[in-house]
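Participant: Below you'll find entry_22.txt; it's compact mmCIF, C-alpha atoms and all ligand atoms.
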# COMPACT_ATOMS: atom_id res chain seq x y z
CA MET J 1 28.15 128.11 97.27
CA LEU J 2 30.51 125.15 97.58
CA GLY J 3 30.95 124.71 93.83
CA ARG J 4 32.64 128.11 93.46
CA ARG J 5 35.80 126.64 94.98
CA THR J 6 35.96 123.48 92.86
CA PHE J 7 38.17 124.71 90.03
CA PRO J 8 40.53 126.80 92.22
CA LEU J 9 41.01 123.83 94.54
CA LEU J 10 41.82 121.47 91.67
CA ASP J 11 44.38 124.03 90.49
CA GLN J 12 45.78 124.24 93.99
CA LEU J 13 46.10 120.47 94.32
CA ALA J 14 48.09 120.38 91.09
CA GLU J 15 50.29 123.26 92.26
CA ASP J 16 50.90 121.42 95.53
CA GLY J 17 52.24 118.45 93.58
CA VAL J 18 49.25 116.09 93.69
CA GLU J 19 49.44 114.04 90.51
CA PHE J 20 46.12 113.38 88.78
CA THR J 21 44.60 113.70 85.34
CA ARG J 22 42.77 116.92 84.71
CA THR J 23 41.43 118.04 81.35
CA ARG J 24 39.54 121.17 80.40
CA THR J 25 36.82 120.02 78.01
CA ASP J 26 33.49 121.23 76.72
CA PHE J 27 30.37 120.05 78.51
CA LEU J 28 27.26 119.42 76.44
CA ALA J 29 23.74 118.69 77.65
CA VAL J 30 21.80 117.51 74.61
CA ALA J 31 18.29 116.32 73.82
CA GLN J 32 15.97 115.17 71.08
CA ASP J 33 13.29 117.57 72.28
CA PRO J 34 14.38 121.24 72.31
CA ARG J 35 12.11 121.85 75.29
CA ALA J 36 14.30 119.55 77.40
CA ALA J 37 17.37 121.60 76.49
CA GLU J 38 15.50 124.85 77.26
CA ALA J 39 14.45 123.47 80.62
CA TYR J 40 18.02 122.42 81.38
CA LEU J 41 19.35 125.88 80.54
CA GLY J 42 16.64 127.44 82.70
CA SER J 43 17.65 125.21 85.60
CA LEU J 44 21.13 126.78 85.48
CA ASP J 45 19.83 130.29 86.20
CA PRO J 46 20.94 130.28 89.85
CA LEU J 47 24.47 129.52 88.65
CA ARG J 48 24.29 132.48 86.29
CA GLN J 49 23.25 134.66 89.21
CA ALA J 50 26.20 133.26 91.15
CA GLY J 51 28.57 134.58 88.49
CA PHE J 52 29.19 131.57 86.29
CA ASP J 53 29.60 132.25 82.59
CA LEU J 54 26.66 130.49 80.92
CA PRO J 55 25.26 130.62 77.39
CA ALA J 56 22.21 132.77 76.71
CA THR J 57 20.49 130.29 74.38
CA VAL J 58 20.38 126.64 73.44
CA LEU J 59 22.09 125.48 70.25
CA GLY J 60 20.44 123.54 67.44
CA GLY J 61 21.45 120.05 66.34
CA ASP J 62 23.72 121.15 63.48
CA GLU J 63 25.53 123.70 65.64
CA LEU J 64 26.07 121.01 68.27
CA ARG J 65 27.46 118.56 65.70
CA GLU J 66 29.96 121.21 64.64
CA VAL J 67 31.19 121.25 68.24
CA GLU J 68 30.90 117.48 68.71
CA PRO J 69 30.69 115.46 65.48
CA ALA J 70 30.01 112.26 67.43
CA LEU J 71 26.44 113.38 68.14
CA SER J 72 23.85 111.62 65.99
CA GLY J 73 21.15 113.25 63.86
CA ARG J 74 18.66 112.58 66.65
CA VAL J 75 20.17 115.36 68.72
CA ARG J 76 18.12 118.48 68.00
CA ALA J 77 19.06 120.88 70.79
CA GLY J 78 21.52 121.33 73.58
CA VAL J 79 23.53 123.54 75.88
CA LEU J 80 27.27 124.07 75.53
CA LEU J 81 29.28 124.95 78.63
CA ARG J 82 32.91 125.83 78.02
CA ASP J 83 33.92 126.12 81.66
CA HIS J 84 34.23 122.46 82.55
CA VAL J 85 36.97 120.25 83.97
CA GLN J 86 37.18 116.49 83.78
CA THR J 87 39.23 114.37 86.17
CA GLU J 88 39.66 110.62 86.40
CA PRO J 89 38.45 109.68 89.89
CA ASP J 90 40.93 106.83 90.38
CA SER J 91 43.85 109.06 89.51
CA LEU J 92 42.65 111.76 91.90
CA VAL J 93 42.24 109.35 94.82
CA ALA J 94 45.58 107.65 94.09
CA GLY J 95 47.32 111.02 93.70
CA LEU J 96 45.89 112.36 96.95
CA THR J 97 46.82 109.20 98.85
CA ALA J 98 50.40 109.26 97.55
CA HIS J 99 50.71 112.96 98.36
CA LEU J 100 49.41 112.54 101.91
CA ARG J 101 51.76 109.64 102.57
CA ALA J 102 54.68 111.65 101.25
CA GLU J 103 53.69 114.37 103.74
CA GLY J 104 53.85 111.84 106.57
CA VAL J 105 50.13 111.17 106.93
CA ARG J 106 49.20 107.60 107.78
CA VAL J 107 46.57 106.22 105.40
CA ASP J 108 45.14 102.80 106.27
CA GLU J 109 43.44 100.98 103.41
CA GLY J 110 41.14 97.98 103.75
CA VAL J 111 40.28 98.88 107.34
CA ALA J 112 36.64 99.41 108.35
CA VAL J 113 35.43 101.42 111.33
CA THR J 114 32.93 99.32 113.24
CA GLY J 115 32.34 101.29 116.43
CA VAL J 116 32.79 104.69 118.06
CA SER J 117 33.54 105.43 121.73
CA ALA J 118 32.58 108.82 123.10
CA ARG J 119 32.36 110.44 126.51
CA GLY J 120 30.84 113.77 127.47
CA GLY J 121 30.23 114.84 123.88
CA GLU J 122 33.79 114.00 122.78
CA VAL J 123 34.70 111.08 120.54
CA GLU J 124 37.71 109.35 122.09
CA ALA J 125 38.33 106.27 119.95
CA VAL J 126 37.08 104.17 117.08
CA THR J 127 36.97 100.41 116.85
CA THR J 128 38.22 99.12 113.52
CA THR J 129 38.78 95.78 111.86
CA ALA J 130 42.47 96.40 112.68
CA GLY J 131 41.92 97.20 116.35
CA GLU J 132 41.08 100.29 118.41
CA ARG J 133 42.40 103.74 117.46
CA ARG J 134 42.42 106.80 119.71
CA VAL J 135 41.24 109.87 117.80
CA GLY J 136 41.41 113.63 118.26
CA ALA J 137 38.53 114.14 115.86
CA LEU J 138 36.26 111.97 113.75
CA VAL J 139 35.05 112.85 110.26
CA ILE J 140 32.40 110.45 109.00
CA ALA J 141 32.89 110.52 105.23
CA THR J 142 31.77 107.02 104.38
CA GLY J 143 29.43 107.95 101.56
CA ALA J 144 26.09 106.18 101.47
CA LYS J 145 27.10 104.24 104.59
CA ALA J 146 27.57 107.33 106.75
CA GLY J 147 24.27 106.65 108.50
CA ALA J 148 25.65 103.46 110.06
CA LEU J 149 28.41 105.34 111.89
CA ALA J 150 26.12 108.26 112.77
CA THR J 151 23.89 105.69 114.46
CA ARG J 152 26.85 104.76 116.67
CA LEU J 153 26.71 108.34 117.92
CA GLY J 154 22.97 108.10 118.52
CA ARG J 155 22.06 110.15 115.46
CA ARG J 156 19.74 109.20 112.65
CA LEU J 157 21.17 110.32 109.34
CA PRO J 158 18.73 109.69 106.48
CA VAL J 159 21.35 109.33 103.76
CA VAL J 160 20.75 106.42 101.39
CA GLY J 161 22.58 104.99 98.40
CA GLY J 162 21.32 105.86 94.92
CA ARG J 163 22.92 103.18 92.83
CA GLY J 164 24.40 104.01 89.46
CA TYR J 165 26.35 102.10 86.85
CA SER J 166 29.10 102.75 84.38
CA PHE J 167 31.08 100.96 81.70
CA ASP J 168 33.27 101.93 78.78
CA VAL J 169 33.13 101.29 75.05
CA PRO J 170 35.48 101.95 72.12
CA ALA J 171 34.64 104.67 69.60
CA GLU J 172 35.89 105.20 66.05
CA ARG J 173 36.36 108.87 66.77
CA LEU J 174 36.28 109.49 70.50
CA PRO J 175 33.98 112.39 71.45
CA HIS J 176 36.04 115.22 72.94
CA ALA J 177 33.26 116.65 75.13
CA SER J 178 31.65 115.37 78.30
CA THR J 179 28.06 114.92 77.20
CA LEU J 180 24.88 114.55 79.19
CA LEU J 181 22.11 112.87 77.20
CA LEU J 182 19.08 114.53 78.76
CA ASP J 183 16.45 112.13 77.36
CA ALA J 184 18.11 109.02 78.77
CA HIS J 185 19.79 110.68 81.79
CA VAL J 186 23.03 109.10 80.68
CA ALA J 187 26.46 110.73 80.69
CA CYS J 188 29.29 110.01 78.25
CA ALA J 189 32.86 111.16 78.69
CA PRO J 190 36.14 110.29 77.01
CA MET J 191 38.33 108.50 79.53
CA GLY J 192 41.41 106.35 79.09
CA GLY J 193 41.03 106.22 75.30
CA ARG J 194 37.46 104.90 75.51
CA LEU J 195 34.03 106.38 76.09
CA ARG J 196 32.88 106.08 79.69
CA VAL J 197 29.11 105.79 79.88
CA SER J 198 27.25 106.16 83.17
CA GLY J 199 23.73 106.45 84.43
CA GLY J 200 20.95 104.69 86.26
CA MET J 201 19.52 105.37 89.68
CA ASP J 202 18.00 102.61 91.75
CA PHE J 203 17.81 101.80 95.40
CA ARG J 204 18.96 98.22 95.66
CA ARG J 205 20.43 97.12 98.93
CA GLY J 206 23.50 94.98 99.38
CA PRO J 207 26.92 95.23 97.76
CA ALA J 208 27.05 97.43 94.67
CA ARG J 209 27.52 95.18 91.66
CA PRO J 210 26.87 95.77 87.97
CA VAL J 211 23.44 94.47 86.91
CA PRO J 212 23.33 93.40 83.24
CA GLU J 213 19.75 94.66 82.76
CA ARG J 214 20.71 98.12 84.01
CA ILE J 215 23.80 98.21 81.79
CA ASP J 216 21.58 97.21 78.84
CA ALA J 217 19.08 99.95 79.68
CA ILE J 218 21.83 102.59 79.78
CA THR J 219 23.11 101.31 76.45
CA ARG J 220 19.64 101.51 74.87
CA GLY J 221 19.30 105.09 76.06
CA ALA J 222 22.70 106.23 74.81
CA ALA J 223 23.20 104.31 71.56
CA PRO J 224 20.80 106.30 69.34
CA MET J 225 22.42 109.59 70.32
CA VAL J 226 26.12 108.93 69.65
CA VAL J 227 27.66 107.64 66.42
CA GLY J 228 30.76 105.52 65.81
CA VAL J 229 30.57 103.57 69.06
CA ASP J 230 30.89 99.78 69.33
CA TRP J 231 28.22 99.08 71.94
CA THR J 232 28.96 95.34 71.89
CA ASP J 233 32.43 95.81 73.40
CA ARG J 234 31.37 97.00 76.85
CA ARG J 235 34.08 96.69 79.50
CA HIS J 236 34.82 97.71 83.07
CA ALA J 237 31.19 97.51 84.17
CA TRP J 238 30.94 99.11 87.60
CA ALA J 239 28.28 100.00 90.15
CA GLY J 240 28.44 102.55 92.95
CA ASP J 241 26.15 104.14 95.50
CA ARG J 242 25.70 107.90 95.40
CA PRO J 243 25.05 109.20 98.93
CA LEU J 244 21.66 110.93 98.82
CA ALA J 245 20.05 113.08 101.51
CA PRO J 246 16.27 113.57 101.28
CA ASP J 247 16.63 117.06 99.77
CA GLY J 248 19.57 116.11 97.55
CA LEU J 249 22.00 118.49 99.26
CA PRO J 250 25.35 117.69 100.89
CA VAL J 251 25.50 116.98 104.60
CA VAL J 252 28.66 118.69 105.83
CA ASP J 253 28.71 119.80 109.43
CA ARG J 254 29.46 118.91 113.02
CA VAL J 255 27.44 116.10 114.52
CA PRO J 256 24.93 117.61 116.95
CA GLY J 257 26.05 117.18 120.53
CA TYR J 258 29.67 116.27 119.75
CA ALA J 259 32.54 118.73 119.89
CA ASN J 260 34.87 116.70 117.66
CA ALA J 261 32.69 114.58 115.34
CA TYR J 262 31.80 115.72 111.84
CA LEU J 263 29.88 114.53 108.79
CA ALA J 264 30.83 114.95 105.15
CA THR J 265 28.48 113.09 102.87
CA GLY J 266 25.34 113.45 100.75
CA TYR J 267 27.23 114.62 97.65
CA SER J 268 24.74 112.83 95.44
CA MET J 269 25.86 113.05 91.79
CA LEU J 270 28.48 115.67 92.57
CA GLY J 271 31.01 113.91 94.77
CA LEU J 272 34.00 114.84 92.65
CA THR J 273 32.70 118.35 92.26
CA LEU J 274 31.83 119.16 95.86
CA SER J 275 34.01 117.01 98.11
CA GLY J 276 37.07 119.27 97.71
CA PRO J 277 35.27 122.48 98.70
CA ALA J 278 33.47 120.62 101.47
CA ALA J 279 36.78 119.31 102.81
CA GLU J 280 38.26 122.81 102.74
CA ALA J 281 35.32 124.19 104.70
CA LEU J 282 35.39 121.29 107.13
CA ALA J 283 39.14 121.72 107.73
CA THR J 284 38.49 125.33 108.77
CA PHE J 285 35.77 124.14 111.11
CA LEU J 286 38.07 121.51 112.64
CA VAL J 287 40.96 123.88 113.16
CA ASP J 288 39.09 127.05 114.18
CA GLY J 289 35.98 125.46 115.68
CA CYS J 290 33.89 127.91 113.70
CA ALA J 291 31.93 127.14 110.55
CA PRO J 292 32.88 129.43 107.67
CA ARG J 293 30.26 132.12 107.10
CA SER J 294 30.16 131.42 103.39
CA TRP J 295 29.31 127.85 104.09
CA SER J 296 26.20 126.38 102.57
CA PRO J 297 23.84 123.79 103.92
CA SER J 298 23.62 122.36 107.35
CA VAL J 299 23.31 118.88 108.66
CA PRO J 300 19.85 117.32 108.76
CA THR J 301 20.58 114.80 111.48
CA ALA J 302 17.90 114.15 114.02
CA SER J 303 19.03 114.68 117.59
CA ALA J 304 18.19 111.18 118.72
CA PRO J 305 17.19 107.92 117.10
CA GLY J 306 13.59 108.21 116.01
CA ASP J 307 13.49 112.01 116.17
CA THR J 308 12.01 113.72 113.18
CA LEU J 309 14.29 115.37 110.71
CA PRO J 310 14.62 119.14 111.12
CA LYS J 311 13.59 120.84 107.89
CA ARG J 312 16.50 122.60 106.24
CA THR J 313 15.69 126.21 105.59
CA ASP J 314 17.67 128.88 103.81
CA HIS J 315 18.68 130.27 107.17
CA VAL J 316 19.70 127.15 109.01
CA GLY J 317 23.26 127.63 110.04
CA GLY J 318 24.29 124.31 111.45
CA THR J 319 24.75 122.56 114.70
CA GLY J 320 27.39 124.77 116.25
CA ASP J 321 26.74 128.46 116.73
CA ARG J 322 28.29 129.96 113.65
CA ALA J 323 27.72 133.51 114.73
CA THR J 324 29.91 133.10 117.78
CA GLY J 325 31.99 130.13 116.81
CA ARG J 326 30.93 128.29 119.94
CA ARG J 327 32.01 124.68 119.80
CA GLY J 328 29.69 121.77 120.38
CA GLY J 329 26.13 122.95 119.95
CA ALA J 330 23.55 121.28 122.12
CA PRO J 331 22.06 118.13 120.67
CA GLY J 332 19.71 119.12 117.90
CA ALA J 333 20.37 122.85 118.26
CA HIS J 334 20.28 124.76 115.00
CA ALA J 335 21.53 128.30 115.20
CA SER J 336 20.68 130.83 112.54
CA ALA J 337 23.56 132.31 110.65
CA THR J 338 24.36 133.54 107.17
CA PRO J 339 21.24 133.64 105.04
CA LEU J 340 21.64 131.08 102.32
CA THR J 341 18.92 132.17 99.95
CA GLY J 342 19.82 131.11 96.46
CA THR J 343 22.48 128.67 97.51
CA ARG J 344 20.20 125.69 97.68
CA ASP J 345 18.67 126.45 94.29
CA ALA J 346 22.09 126.92 92.80
CA MET J 347 23.32 123.64 94.16
CA ARG J 348 20.27 121.82 92.88
CA ALA J 349 20.60 123.44 89.50
CA HIS J 350 23.75 121.75 88.35
CA ARG J 351 23.52 118.22 89.50
CA HIS J 352 24.16 116.30 86.30
CA PRO J 353 27.87 115.96 85.67
CA GLU J 354 27.72 112.20 85.31
C1 LIG C 1 27.78 105.79 87.96
C2 LIG C 1 28.20 107.01 88.75
C3 LIG C 1 28.77 108.08 88.09
C4 LIG C 1 29.16 109.23 88.79
N1 LIG C 1 29.72 110.28 88.11
C5 LIG C 1 30.08 111.41 88.78
C6 LIG C 1 30.64 112.52 88.10
O1 LIG C 1 30.80 112.52 86.88
N2 LIG C 1 30.99 113.62 88.82
C7 LIG C 1 30.81 113.69 90.17
O2 LIG C 1 31.15 114.71 90.77
N3 LIG C 1 30.27 112.65 90.84
C8 LIG C 1 29.88 111.52 90.18
N4 LIG C 1 29.30 110.48 90.85
C9 LIG C 1 28.99 110.64 92.27
C10 LIG C 1 30.20 110.34 93.13
O3 LIG C 1 30.73 109.08 92.79
C11 LIG C 1 29.78 110.35 94.59
O4 LIG C 1 29.12 111.56 94.88
C12 LIG C 1 31.02 110.22 95.47
O5 LIG C 1 31.67 109.00 95.24
C13 LIG C 1 30.67 110.31 96.93
O6 LIG C 1 31.89 110.39 97.61
P1 LIG C 1 32.03 109.94 99.12
O7 LIG C 1 33.48 110.02 99.43
O8 LIG C 1 31.05 110.67 99.96
O9 LIG C 1 31.55 108.40 99.13
P2 LIG C 1 32.25 107.15 98.46
O10 LIG C 1 32.91 107.51 97.19
O11 LIG C 1 31.21 106.08 98.45
O12 LIG C 1 33.41 106.77 99.47
C14 LIG C 1 33.10 106.29 100.77
C15 LIG C 1 34.28 105.45 101.23
O13 LIG C 1 34.06 105.08 102.60
C16 LIG C 1 34.42 103.71 102.75
N5 LIG C 1 33.67 103.18 103.91
C17 LIG C 1 32.35 102.89 104.01
N6 LIG C 1 32.05 102.45 105.25
C18 LIG C 1 33.22 102.47 105.95
C19 LIG C 1 33.57 102.14 107.30
N7 LIG C 1 32.66 101.71 108.19
N8 LIG C 1 34.86 102.27 107.68
C20 LIG C 1 35.81 102.73 106.80
N9 LIG C 1 35.53 103.06 105.52
C21 LIG C 1 34.25 102.94 105.11
C22 LIG C 1 34.02 103.07 101.43
O14 LIG C 1 34.72 101.85 101.26
C23 LIG C 1 34.45 104.15 100.45
O15 LIG C 1 35.82 104.00 100.11
C24 LIG C 1 28.95 109.30 90.18
C25 LIG C 1 28.39 108.21 90.86
C26 LIG C 1 28.02 107.06 90.16
C27 LIG C 1 27.42 105.90 90.91
Let me see whether you can do it: turn the structure in this file into structure tokens.
Facilitator:
Amino acid sequence: MLGRRTFPLLDQLAEDGVEFTRTRTDFLAVAQDPRAAEAYLGSLDPLRQAGFDLPATVLGGDELREVEPALSGRVRAGVLLRDHVQTEPDSLVAGLTAHLRAEGVRVDEGVAVTGVSARGGEVEAVTTTAGERRVGALVIATGAKAGALATRLGRRLPVVGGRGYSFDVPAERLPHASTLLLDAHVACAPMGGRLRVSGGMDFRRGPARPVPERIDAITRGAAPMVVGVDWTDRRHAWAGDRPLAPDGLPVVDRVPGYANAYLATGYSMLGLTLSGPAAEALATFLVDGCAPRSWSPSVPTASAPGDTLPKRTDHVGGTGDRATGRRGGAPGAHASATPLTGTRDAMRAHRHPE
């Protein structure tokens, strides 16, 4: 399961000198209706089976307010997870970029890839807004827009953008915990001295921009559940597209029919959580040409434009032959490998960090 590596990798980044904010905080998932909290706890069962330390029961409203006094009297039940880490995304991206540059890696910002040239199943170059670049390998990690570049390789990747919104507000006494409000599907987390509030899921096309009605709806959902917040002073409104595959699972694998083209997308609501472990696994694949055996889901690309999407099963092992490490599986070939029973459930189980 990819998520097992999240915390160790964050530790490793810090040890390697990457500078970013990282705080161990409580995570609360709270609700007005105790049944919603029970259902949430039940949904975490696969994580329990995977060895994560999870509570046995839900807590009542008063117990939760002892942990987090900022919760209002409307909160009647919830789940407390102690094993939780919060990072500020901007600081992580900036820290990684600075670290890579210091290591001699060239990082181009503000440059878009517009085309891909390949011959005989090998990507040779990409066309960018800053000219052509020869490449040894191509990793398509362009989030909800990954499908556009996959199309350049003749593959249909059904990843779409699930748009969400965030903003921040001041609070008299800033909550210390990251809190998921289950009724409203809204997340609140202390960040930069204010409370960052995020939620919403719609499928608008076009550039991601904050929509006042959506920000208002998130506010209406969150306001009754948290006390001491000035909801009139909303700042830093933001919109972003979560890359969503049809089954909600990440798409991390080699592109069918190409020896040196890879996909890393479909992280849905867990981009910060899963992109590190996915990158680690992908790096192994790039260097060794063999997908790690512990790796979870495969790529659901169709082998040609218009082809139907292969159904992901618990035994699908990917586009290369993982058992032998053979590079460059035939277009659309899906070899069986490590049984992944449980992995998919476990990944689905904990998809609400926002
Ligand atoms: C409101 C909200 C709250 C969230 N909260 C959390 C959270 O608490 N925890 C969590 O784990 N996840 C959270 N997520 C999800 C997380 O943001 C995504 O899963 C993550 O950003 C996906 O990462 P990505 O790198 O695949 O895509 P992106 O972050 O979208 O990055 C893709 C990058 O590719 C670039 N790009 C696109 N096309 C091209 C091109 N042709 N050429 C070159 N570059 C290109 C884009 O400019 C962008 O920089 C949240 C999402 C939203 C919307």
Participant: Which distance in Å separates atom CA of J:Ala239 and atom CA of J:Cys188, to one decimal?
Facilitator: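 Taking atom CA of J:Ala239 and atom CA of J:Cys188, their separation equals 15.6 Å.
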Participant: Between J:Gly95, J:Gly193, J:Pro210, J:Gly73, which has the minimum distance to ligand LIG 1 (chain C) (counting only C-alpha atoms and all ligand atoms)?
Facilitator: J:Pro210
Participant: So which one's closest to ligand LIG 1 (chain C), J:Ile218, J:Val287, J:Val113, J:Leu71? Using only C-alpha atoms and all ligand atoms, please.
Facilitator: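 Comparing J:Ile218, J:Val287, J:Val113, J:Leu71 against ligand LIG 1 (chain C), the winner is J:Val113.
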Participant: Could you pull the residues within 12 Å of J:Arg220, counting only C-alpha atoms, minus those fewer than 2 positions along the same chain, as a PDB file with C-alpha atoms, in the coordinates of the input?
Facilitator:
ATOM      1  CA  LEU J 181      22.110 112.870  77.200  1.00  0.00           C
ATOM      2  CA  ASP J 183      16.450 112.130  77.360  1.00  0.00           C
ATOM      3  CA  ALA J 184      18.110 109.020  78.770  1.00  0.00           C
ATOM      4  CA  HIS J 185      19.790 110.680  81.790  1.00  0.00           C
ATOM      5  CA  VAL J 186      23.030 109.100  80.680  1.00  0.00           C
ATOM      6  CA  VAL J 197      29.110 105.790  79.880  1.00  0.00           C
ATOM      7  CA  GLY J 199      23.730 106.450  84.430  1.00  0.00           C
ATOM      8  CA  GLY J 200      20.950 104.690  86.260  1.00  0.00           C
ATOM      9  CA  GLU J 213      19.750  94.660  82.760  1.00  0.00           C
ATOM     10  CA  ARG J 214      20.710  98.120  84.010  1.00  0.00           C
ATOM     11  CA  ILE J 215      23.800  98.210  81.790  1.00  0.00           C
ATOM     12  CA  ASP J 216      21.580  97.210  78.840  1.00  0.00           C
ATOM     13  CA  ALA J 217      19.080  99.950  79.680  1.00  0.00           C
ATOM     14  CA  ILE J 218      21.830 102.590  79.780  1.00  0.00           C
ATOM     15  CA  ALA J 222      22.700 106.230  74.810  1.00  0.00           C
ATOM     16  CA  ALA J 223      23.200 104.310  71.560  1.00  0.00           C
ATOM     17  CA  PRO J 224      20.800 106.300  69.340  1.00  0.00           C
ATOM     18  CA  MET J 225      22.420 109.590  70.320  1.00  0.00           C
ATOM     19  CA  VAL J 226      26.120 108.930  69.650  1.00  0.00           C
ATOM     20  CA  TRP J 231      28.220  99.080  71.940  1.00  0.00           C
ATOM     21  CA  THR J 232      28.960  95.340  71.890  1.00  0.00           C
TER      22      THR J 232
END
Participant: Counting all atoms listed in the file, name the residues that have an atom within 9 Å of an atom of ligand LIG 1 (chain C); the answer should be given as an MDAnalysis selection string.
Facilitator: chainID J and resid 86:87 89 109:115 128:129 140:146 148:149 161:167 187 189 197:201 238:244 264:275 351:354
Participant: So that I can see what lies close to J:Leu100, please list as a list in words the residues with an atom at most 12 Å from it, counting all atoms listed in the file and leaving out residues fewer than 6 positions away in the same chain.
Facilitator: Leu13, Asp16, Gly17, Val18, Glu19, Val93, Ala94, Arg106, Val107 and Asp108 of chain J
Participant: Looking at J:Thr21, J:Thr6, J:Ser117, J:Asn260, which one is nearest to J:Leu153, with distances taken over all atoms listed in the file?
Facilitator: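 Using all atoms listed in the file, the shortest distance to J:Leu153 belongs to J:Ser117.
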Participant: Please compute the atom CA of J:Asp11-atom CA of J:Glu88 distance, one decimal, in Å.
Facilitator: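 These two atoms are separated by 14.8 Å.
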Participant: Considering all atoms listed in the file, state which residue in the set J:Gly121, J:Gly78, J:Gly228, J:Gly257 is at the smallest distance from J:Val169.
Facilitator: J:Gly228
Participant: Return as JSON the box centre and box size in Å, one decimal, for an axis-aligned box around all listed atoms of stretch 196-204 of chain J padded by 5 Å per side.
Facilitator:
{"center_x": 25.3, "center_y": 102.3, "center_z": 87.7, "size_x": 25.1, "size_y": 18.2, "size_z": 26.0}
Participant: Mind giving me the straight-line distance from atom CA of J:Ala208 to atom CA of J:Asp90 in Å, one decimal?
Facilitator: 17.3 Å
